[in-house]
Structure formats: structure tokens, C-alpha cells
Amino acid sequence: MAAMPTAPARPLIKSLTLEEVSACLQALGQPAFRPKQLMQWIYGKRVKSFAEMSDLPAALREQLAGEFAFSGLEPIRTLGSRDTTFKYLFRLDDGALIESVLIPASPALYGEASDRRTICISTQVGCAYGCKFCASGLDGWSRNLQPGEIVDQVLRVEELSGEKINNIVFMGMGEPLANFENLMKAITIINAPWGIGLGARHITISTSGLAPQIKQLADRPLQVRLAISLHGATDEVRQQIMPVNRKYPLAVLLEACAYYTQRKKQWLTFEYILIEGVNDRVEDARALVRVAREVKAKVNCIPYNKVEGLEWKRPSETRQDAFMAILEAARIPATIRREKGDDIAAACGQLRRQTLPVEAVR
Ligand code: SAH
Ligand code: SF4
């Protein structure tokens, strides 16, 4: 029997910003050019250990290796889907498992044709919000990901796939805004010229509607995009499928959304899963038109993806089309996302905290 995994003893070097690396290296008496040199090895040359940083003094490499862990993710398994989506399963230092999904071409993700290579990233192990239609919340929440564990998903998927990622969506396992400071730090590193260097406009955060954190995000300088998982345009419908609506009812959420669009001068996206008989009726579409107008939001409809053990159903295409027609007639910018990765359980809402016997994943 293998030993039980233990929690990481040392912080991850990829959790540090340039400022923090500078402070650390300065304390070790290193010259001023050292921090950028170190970042260049990690994010430019993409080495896998301190030992490979050949123009750093050997003593410093050893010191750093003693103080910091280099990688927090170990790739366990890759699943390829018929439609070219890939799902990567990673093991964290404490043995927890998370998933990231690579969507090589995503023409329908935001409505426009594109050749974007999108990665869908997890921010927590499990999720505490328990939306009734989602696999990620089924087994509850166990912990927040560290900034370095978030950043490393991008590096690892680029390494394993050989693809350069040019679009990131925080739509994997977990509620990103419930891990706010770690998420902000990870985005800083992903966005920075000394880090991964991906433009903030190519980064989308998706939230189930944590109103206070939406406002907090609005007050930060980063121009990331924001998607709200709305799924119901009245309290009655939303409450039925999203427990978070009790804490932040629709009026409170919409007020935070309006604050966000005003501060950022940016359109929001409302994600709206279509679930048969729950939120896909004519009156639901009309209610959605009203709220989308109120806060200037685009709507992205997603036909429900089957989750094992849950009884919800995807509406027929005829019903989906009828719903879309109401949005279109009201001139609400709206798209419908026909899913990718459904056959490997990598589509939206199908990512689930996995537990495998230790032997099975060695
Ligand atoms: N916790 C965040 C981000 C992760 S979920 C959030 O809820 O926004 C990413 C998206 O997948 C959300 O819009 C979520 O509502 C959606 N989703 C969850 N379960 C789904 C399912 N079974 N079918 C389709 N989309 C689903
Ligand atoms: Fe959590 Fe988002 Fe799934 Fe809701 S939809 S349970 S917030 S991951």
C-alpha cells in the first residue's frame, strides 16, 4: 500500500509575482537582474526544475529548491474526445485530483468564428455552491487552489499538447470568486510580460453570482471578461436550481452586475443552461430579455449536458430554437453553444472531483 499523500510543505515558486521573487532574492543578497532571469527560466524557457537554470549560481539553485516546490501538478491521464477536446487529469501535491480541458477550436464559444485554443481551468478542489445541475458540486468542496496550481495548469497543458493557448476561461471545477485573492494573483502572473503574457481580454472569469466579489473585481484594474452563470431570470426559477440565489437574490446580483458594467465599460455575458421544463419556457425567455437589457449583457445559451445521477434533461432542438427566437426578436445579442467534449465528460458542468485509489494513478 502506498503512503498517504501529504500537504505541500513548501510554497510553489509559481505562486510568486515578480515583486515577491525580487524581495526574496534581494534578501538572499542577489543582484538586481536575478528576478527577471529566474522568471525567464520558468515562463520563457519553461524548465522543469531549479537545477536546469544553468546561469544561476549552483548554491542559489540549491537554496531555492530547498525553499520552494517547483511544480504542483503531476499529469495523471489525458483523455481525447472525438470533437478534439482534451481533458487532462492532474494530481496535486496533497493527492487531490483536478481537471483542465483544452478546446483547440471553439467557434461557438463566444459566438464568433475563431481559431482560438481555449483552456478551461479549475480554481478549487470540488465546489461548495451545490448548483443542482452541476457535477462539480456533487461531492462538496475540499480546498482552494494555490495561485501556482492555477498557473501551472496553463503551463502543463501547453507542454502536454504542444499548443500555444490564447484564451483562458475559468469555468472548470470550483467557484473562482470564492478563491478571490489566489485567483487575482494567478491572473497577474498569467497576464504579466514577465509571466505567461496573455492579454487580460483573453481571460474570462465565470461566477455563479457572488455579488460582493463581482463589485470587488470591478474595482480592480484588470480588464478581464466576466461571465455570470444566471440560468434563471426570476428568483423563483433561479432559487430552484442555484442555492447561492438565497444568499444573493437576483436584485442584489443584478445591482452588482450593473456596477461592474459601469466601472469597466464592458458588456457582461450571461450564461444560461437550457433545462427542459425548468427554465426553457416562453415566460423564462421573456424574463431573460428583461434582465439582459437591464444590465447590458450578452446571452450565451448552453443546452444542458447530462450528468450521471442527475435527472435533468436537455430540451429538444425545436424548444431550444423557440427560446432563441424570443431573444433574437428582442435584439438581445445571443448565441447558443453546442457542446464540446461531452463524450469524455469534459463539457461544462461535467468536471467532477475524482477520487482514484492511490495505486491506480501511480
Ligand atoms: N463556478 C463557476 C465556474 C464553473 S462552472 C460558475 O458556476 O460559473 C462553468 C459553467 O458550466 C457555468 O456556467 C455552469 O453553470 C455550467 N454548467 C454546470 N453544469 C452544467 C451542465 N450540466 N450542463 C451545462 N453547463 C453546466
Ligand atoms: Fe460550483 Fe459553478 Fe458547479 Fe455551481 S455551476 S456547483 S458554482 S462549479
# chains A, B, ... in the order shown; residues from 1 in each chain; ligands from 1
$ closest_atom_pairs --of "chain A" --to "ligand 2" --cutoff "6 Å" --atoms "only C-alpha atoms and all ligand atoms" --output "Markdown table"
| residue | atom | partner | partner_atom_place_in_ligand_line | distance |
| --- | --- | --- | --- | --- |
| A:Cys127 | CA | ligand 2 | 1 (Fe) | 4.7 |
| A:Tyr129 | CA | ligand 2 | 6 (S) | 4.8 |
| A:Gly130 | CA | ligand 2 | 6 (S) | 4.3 |
| A:Cys131 | CA | ligand 2 | 4 (Fe) | 4.1 |
| A:Cys134 | CA | ligand 2 | 3 (Fe) | 4.6 |
| A:Ser136 | CA | ligand 2 | 3 (Fe) | 4.9 |
| A:Gly137 | CA | ligand 2 | 6 (S) | 4.1 |
| A:Met173 | CA | ligand 2 | 8 (S) | 5.1 |
| A:Gly174 | CA | ligand 2 | 8 (S) | 4.4 |
| A:Glu175 | CA | ligand 2 | 7 (S) | 5.0 |
| A:Ser208 | CA | ligand 2 | 7 (S) | 4.8 |
| A:Gly349 | CA | ligand 2 | 3 (Fe) | 5.9 |
$ residues_near_ligand --ligand "ligand 1" --cutoff "6 Å" --atoms "only C-alpha atoms and all ligand atoms" --output "JSON, numbers by chain"
{"A": [133, 134, 171, 172, 173, 174, 175, 206, 207, 208, 229, 271, 273, 302, 304, 305, 306, 307, 348, 349, 350]}
$ select_by_dssp --residues "region 49-204 of chain A" --states "alpha helix (DSSP H)" --output "count of residues only"
37
$ closest_residue --among "A:Asn182, A:Gln124, A:Gln63, A:Ser81" --to "Glu99 (chain A)" --atoms "only C-alpha atoms"
A:Gln124
$ residues_around --residues "region 16-31 of chain A" --least-positions-apart "6" --cutoff "8 Å" --atoms "only C-alpha atoms" --output "list in words"
Met39, Pro147, Gly148, Lys185, Thr188, Ile189 and Trp194 of chain A
$ residues_around --residues "Arg286 (chain A)" --least-positions-apart "2" --cutoff "12 Å" --atoms "only C-alpha atoms" --output "number ranges by chain"
A: 232-234, 279-284, 288-293, 322-332
$ closest_residue --among "A:Arg246, A:Arg314, A:Arg91, A:Lys164" --to "Leu73 (chain A)" --atoms "only C-alpha atoms"
A:Arg91
$ atom_distance --atom1 "CA of Lys313 (chain A)" --atom2 "CA of Phe270 (chain A)"
20.5 Å
$ select_by_dssp --residues "region 13-109 of chain A" --states "strand (DSSP E or B)" --output "list in words"
Ala69, Leu73, Glu74, Pro75, Ile76, Arg77, Thr78, Leu79, Gly80, Phe86, Lys87, Tyr88, Leu89, Phe90, Arg91, Leu92, Leu97, Ile98, Glu99, Ser100, Val101, Leu102 and Ile103 of chain A
$ residues_around --residues "Pro75 (chain A)" --least-positions-apart "4" --cutoff "9 Å" --atoms "only C-alpha atoms" --output "list in words"
Tyr88, Leu89, Phe90, Arg91, Arg156 and Leu160 of chain A
$ residues_around --residues "region 250-254 of chain A" --least-positions-apart "6" --cutoff "10 Å" --atoms "only C-alpha atoms" --output "mmCIF file with all heavy atoms, in the first residue's frame"
data_model
loop_
_atom_site.group_PDB
_atom_site.id
_atom_site.type_symbol
_atom_site.label_atom_id
_atom_site.label_comp_id
_atom_site.auth_asym_id
_atom_site.auth_seq_id
_atom_site.Cartn_x
_atom_site.Cartn_y
_atom_site.Cartn_z
ATOM 1 N N SER A 208 -20.956 32.016 -10.283
ATOM 2 C CA SER A 208 -22.353 31.663 -10.061
ATOM 3 C C SER A 208 -23.119 32.842 -9.461
ATOM 4 O O SER A 208 -24.318 32.728 -9.237
ATOM 5 C CB SER A 208 -22.426 30.463 -9.126
ATOM 6 O OG SER A 208 -21.803 30.774 -7.901
ATOM 7 N N GLY A 209 -22.404 33.958 -9.212
ATOM 8 C CA GLY A 209 -23.111 35.165 -8.779
ATOM 9 C C GLY A 209 -22.775 35.652 -7.387
ATOM 10 O O GLY A 209 -23.670 36.043 -6.635
ATOM 11 N N LEU A 210 -21.480 35.675 -7.037
ATOM 12 C CA LEU A 210 -21.081 36.206 -5.732
ATOM 13 C C LEU A 210 -21.016 37.734 -5.825
ATOM 14 O O LEU A 210 -20.003 38.316 -6.231
ATOM 15 C CB LEU A 210 -19.728 35.635 -5.290
ATOM 16 C CG LEU A 210 -19.575 34.112 -5.308
ATOM 17 C CD1 LEU A 210 -18.368 33.686 -4.487
ATOM 18 C CD2 LEU A 210 -20.822 33.401 -4.802
ATOM 19 N N ALA A 211 -22.120 38.377 -5.459
ATOM 20 C CA ALA A 211 -22.272 39.820 -5.688
ATOM 21 C C ALA A 211 -21.140 40.667 -5.087
ATOM 22 O O ALA A 211 -20.597 41.532 -5.792
ATOM 23 C CB ALA A 211 -23.643 40.272 -5.198
ATOM 24 N N PRO A 212 -20.752 40.472 -3.823
ATOM 25 C CA PRO A 212 -19.703 41.347 -3.270
ATOM 26 C C PRO A 212 -18.389 41.224 -4.039
ATOM 27 O O PRO A 212 -17.705 42.223 -4.284
ATOM 28 C CB PRO A 212 -19.531 40.851 -1.830
ATOM 29 C CG PRO A 212 -20.734 40.027 -1.527
ATOM 30 C CD PRO A 212 -21.252 39.504 -2.825
ATOM 31 N N ILE A 214 -18.055 40.377 -7.181
ATOM 32 C CA ILE A 214 -18.205 40.977 -8.513
ATOM 33 C C ILE A 214 -17.855 42.468 -8.419
ATOM 34 O O ILE A 214 -17.142 43.017 -9.260
ATOM 35 C CB ILE A 214 -19.640 40.770 -9.052
ATOM 36 C CG1 ILE A 214 -19.861 39.281 -9.369
ATOM 37 C CG2 ILE A 214 -19.903 41.639 -10.288
ATOM 38 C CD1 ILE A 214 -21.307 38.913 -9.699
ATOM 39 N N LYS A 215 -18.316 43.105 -7.345
ATOM 40 C CA LYS A 215 -18.001 44.530 -7.155
ATOM 41 C C LYS A 215 -16.521 44.732 -6.888
ATOM 42 O O LYS A 215 -15.908 45.674 -7.392
ATOM 43 C CB LYS A 215 -18.817 45.087 -5.992
ATOM 44 C CG LYS A 215 -20.283 45.260 -6.324
ATOM 45 C CD LYS A 215 -20.961 45.975 -5.203
ATOM 46 C CE LYS A 215 -22.342 46.437 -5.605
ATOM 47 N NZ LYS A 215 -23.067 47.006 -4.463
ATOM 48 N N ILE A 228 -21.545 35.597 -16.058
ATOM 49 C CA ILE A 228 -22.370 35.264 -14.901
ATOM 50 C C ILE A 228 -23.192 34.027 -15.246
ATOM 51 O O ILE A 228 -23.890 34.011 -16.263
ATOM 52 C CB ILE A 228 -23.364 36.420 -14.576
ATOM 53 C CG1 ILE A 228 -22.649 37.772 -14.492
ATOM 54 C CG2 ILE A 228 -24.181 36.109 -13.322
ATOM 55 C CD1 ILE A 228 -21.765 37.965 -13.309
ATOM 56 N N LEU A 230 -26.206 32.608 -14.927
ATOM 57 C CA LEU A 230 -27.515 33.103 -14.488
ATOM 58 C C LEU A 230 -28.515 31.949 -14.360
ATOM 59 O O LEU A 230 -29.044 31.685 -13.286
ATOM 60 C CB LEU A 230 -28.016 34.161 -15.471
ATOM 61 C CG LEU A 230 -29.189 34.997 -14.979
ATOM 62 C CD1 LEU A 230 -28.756 35.934 -13.870
ATOM 63 C CD2 LEU A 230 -29.816 35.801 -16.120
ATOM 64 N N GLY A 232 -31.405 31.385 -14.563
ATOM 65 C CA GLY A 232 -32.797 31.641 -14.201
ATOM 66 C C GLY A 232 -32.936 33.153 -14.138
ATOM 67 O O GLY A 232 -32.048 33.811 -13.575
ATOM 68 N N ALA A 233 -33.986 33.720 -14.724
ATOM 69 C CA ALA A 233 -34.115 35.173 -14.759
ATOM 70 C C ALA A 233 -35.165 35.683 -13.772
ATOM 71 O O ALA A 233 -35.520 36.859 -13.777
ATOM 72 C CB ALA A 233 -34.429 35.627 -16.186
ATOM 73 N N THR A 234 -35.675 34.784 -12.931
ATOM 74 C CA THR A 234 -36.526 35.195 -11.813
ATOM 75 C C THR A 234 -35.995 34.474 -10.568
ATOM 76 O O THR A 234 -35.358 33.426 -10.688
ATOM 77 C CB THR A 234 -37.998 34.762 -12.014
ATOM 78 O OG1 THR A 234 -38.031 33.322 -12.082
ATOM 79 C CG2 THR A 234 -38.611 35.344 -13.272
ATOM 80 N N ASP A 235 -36.284 35.036 -9.390
ATOM 81 C CA ASP A 235 -35.829 34.377 -8.155
ATOM 82 C C ASP A 235 -36.417 32.983 -8.042
ATOM 83 O O ASP A 235 -35.769 32.050 -7.575
ATOM 84 C CB ASP A 235 -36.219 35.200 -6.922
ATOM 85 C CG ASP A 235 -35.237 36.347 -6.688
ATOM 86 O OD1 ASP A 235 -34.030 36.147 -6.911
ATOM 87 O OD2 ASP A 235 -35.685 37.442 -6.301
ATOM 88 N N GLU A 236 -37.657 32.869 -8.485
ATOM 89 C CA GLU A 236 -38.363 31.598 -8.355
ATOM 90 C C GLU A 236 -37.616 30.465 -9.078
ATOM 91 O O GLU A 236 -37.374 29.400 -8.516
ATOM 92 C CB GLU A 236 -39.756 31.789 -8.938
ATOM 93 C CG GLU A 236 -40.728 30.720 -8.566
ATOM 94 C CD GLU A 236 -41.960 30.801 -9.451
ATOM 95 O OE1 GLU A 236 -42.094 31.760 -10.250
ATOM 96 O OE2 GLU A 236 -42.772 29.877 -9.362
ATOM 97 N N ARG A 238 -34.450 30.631 -10.383
ATOM 98 C CA ARG A 238 -33.035 30.543 -10.008
ATOM 99 C C ARG A 238 -32.857 29.808 -8.678
ATOM 100 O O ARG A 238 -31.974 28.971 -8.517
ATOM 101 C CB ARG A 238 -32.449 31.955 -9.952
ATOM 102 C CG ARG A 238 -30.957 31.979 -10.145
ATOM 103 C CD ARG A 238 -30.408 33.350 -10.455
ATOM 104 N NE ARG A 238 -28.999 33.221 -10.807
ATOM 105 C CZ ARG A 238 -27.999 33.377 -9.949
ATOM 106 N NH1 ARG A 238 -28.242 33.737 -8.718
ATOM 107 N NH2 ARG A 238 -26.748 33.194 -10.345
ATOM 108 N N GLN A 239 -33.728 30.140 -7.742
ATOM 109 C CA GLN A 239 -33.675 29.509 -6.417
ATOM 110 C C GLN A 239 -33.790 27.991 -6.487
ATOM 111 O O GLN A 239 -33.194 27.266 -5.709
ATOM 112 C CB GLN A 239 -34.856 30.027 -5.597
ATOM 113 C CG GLN A 239 -34.620 30.000 -4.128
ATOM 114 C CD GLN A 239 -34.632 31.429 -3.598
ATOM 115 O OE1 GLN A 239 -33.882 32.273 -4.062
ATOM 116 N NE2 GLN A 239 -35.493 31.709 -2.663
ATOM 117 N N TYR A 260 -20.534 46.590 -12.211
ATOM 118 C CA TYR A 260 -19.406 46.074 -12.987
ATOM 119 C C TYR A 260 -19.372 46.691 -14.393
ATOM 120 O O TYR A 260 -18.339 47.177 -14.849
ATOM 121 C CB TYR A 260 -19.463 44.551 -13.080
ATOM 122 C CG TYR A 260 -18.237 43.943 -13.705
ATOM 123 C CD1 TYR A 260 -17.165 43.555 -12.922
ATOM 124 C CD2 TYR A 260 -18.144 43.773 -15.090
ATOM 125 C CE1 TYR A 260 -16.021 43.016 -13.488
ATOM 126 C CE2 TYR A 260 -17.006 43.243 -15.669
ATOM 127 C CZ TYR A 260 -15.950 42.858 -14.861
ATOM 128 O OH TYR A 260 -14.811 42.330 -15.431
ATOM 129 N N VAL A 291 -33.878 41.103 -17.999
ATOM 130 C CA VAL A 291 -32.666 41.293 -17.189
ATOM 131 C C VAL A 291 -31.435 41.554 -18.065
ATOM 132 O O VAL A 291 -30.554 42.326 -17.679
ATOM 133 C CB VAL A 291 -32.402 40.137 -16.185
ATOM 134 C CG1 VAL A 291 -33.517 40.014 -15.187
ATOM 135 C CG2 VAL A 291 -32.144 38.820 -16.873
ATOM 136 N N ALA A 292 -31.378 40.950 -19.239
ATOM 137 C CA ALA A 292 -30.226 41.186 -20.125
ATOM 138 C C ALA A 292 -30.197 42.648 -20.580
ATOM 139 O O ALA A 292 -29.139 43.275 -20.658
ATOM 140 C CB ALA A 292 -30.286 40.255 -21.333
ATOM 141 N N GLU A 294 -31.509 45.151 -18.872
ATOM 142 C CA GLU A 294 -31.258 45.982 -17.691
ATOM 143 C C GLU A 294 -29.763 46.183 -17.445
ATOM 144 O O GLU A 294 -29.336 47.283 -17.109
ATOM 145 C CB GLU A 294 -31.903 45.286 -16.484
ATOM 146 C CG GLU A 294 -31.931 46.125 -15.225
ATOM 147 C CD GLU A 294 -32.526 45.336 -14.057
ATOM 148 O OE1 GLU A 294 -33.487 44.554 -14.285
ATOM 149 O OE2 GLU A 294 -32.022 45.493 -12.933
ATOM 150 N N VAL A 295 -28.939 45.130 -17.625
ATOM 151 C CA VAL A 295 -27.515 45.315 -17.320
ATOM 152 C C VAL A 295 -26.617 45.242 -18.547
ATOM 153 O O VAL A 295 -25.399 45.162 -18.413
ATOM 154 C CB VAL A 295 -27.001 44.299 -16.266
ATOM 155 C CG1 VAL A 295 -27.701 44.468 -14.958
ATOM 156 C CG2 VAL A 295 -27.123 42.870 -16.766
#
$ atom_distance --atom1 "CA of Ile98 (chain A)" --atom2 "CA of Leu177 (chain A)"
17.6 Å
